[in-house]
Amino acid sequence: MAKTNTTEVLEALAAEIGENVYIDIAKWHLYLSNAKLHTVVAEQLYPLITSNTVNEDRVTAVLASIPVKIGGGRKEIPLIDLLPLQCQVNLVDILEKFQREF
């Protein structure tokens with residue numbers, strides 16, 4: 001991945017996140033690609049990859065800063081509150097893989 005441009009890396013990262021990470025609402029799994037959140041998450045987490053600072057605490061902080069509108073926009077919930085723990089672990093694994101390949 002060292003010779004690919006930023007746009008290609010972001011698109012690949014967003015695709016990987018969108019296919020493997022979901023929010024859980026009443027035991028319904030809504031993948032981030034279907035929720036149209038995968039690109040935002042990738043863009044927010046990409047600086048951790050480029051600065052070689054991916055770790056669970058930093059990823060959690062970024063996820064806590066991403067608001068998800070619910071109820072037609074009447075409320076916002078931090079994305080971290082909607083992700084099951086296993087999805088958070090999967091997300092960190094994905095980011096670490098991209099960091100190694102970057």
# chains A, B, ... in the order shown; residues from 1 in each chain; ligands from 1
call {"tool": "residues_around", "arguments": {"residues": "region 81-93 of chain A", "least_positions_apart": "5", "cutoff": "12 Å", "atoms": "only C-alpha atoms", "output": "PyMOL selection string"}}
result
chain A and resi 13-14+16-32+35+38+41-42+45-46+48-49+53-70+76+98-100
call {"tool": "select_by_dssp", "arguments": {"residues": "chain A", "states": "strand (DSSP E)", "output": "VMD selection string"}}
result
chain A and resid 22 to 25 28 to 31 67 to 70 75 to 78
call {"tool": "select_by_dssp", "arguments": {"residues": "chain A", "states": "alpha helix (DSSP H)", "output": "VMD selection string"}}
result
chain A and resid 6 to 20 38 to 50 56 to 64 85 to 101
call {"tool": "atom_distance", "arguments": {"atom1": "CA of Ile77 (chain A)", "atom2": "CA of Ser51 (chain A)"}}
result
27.7 Å
call {"tool": "atom_distance", "arguments": {"atom1": "CA of Asn34 (chain A)", "atom2": "CA of Arg74 (chain A)"}}
result
20.5 Å
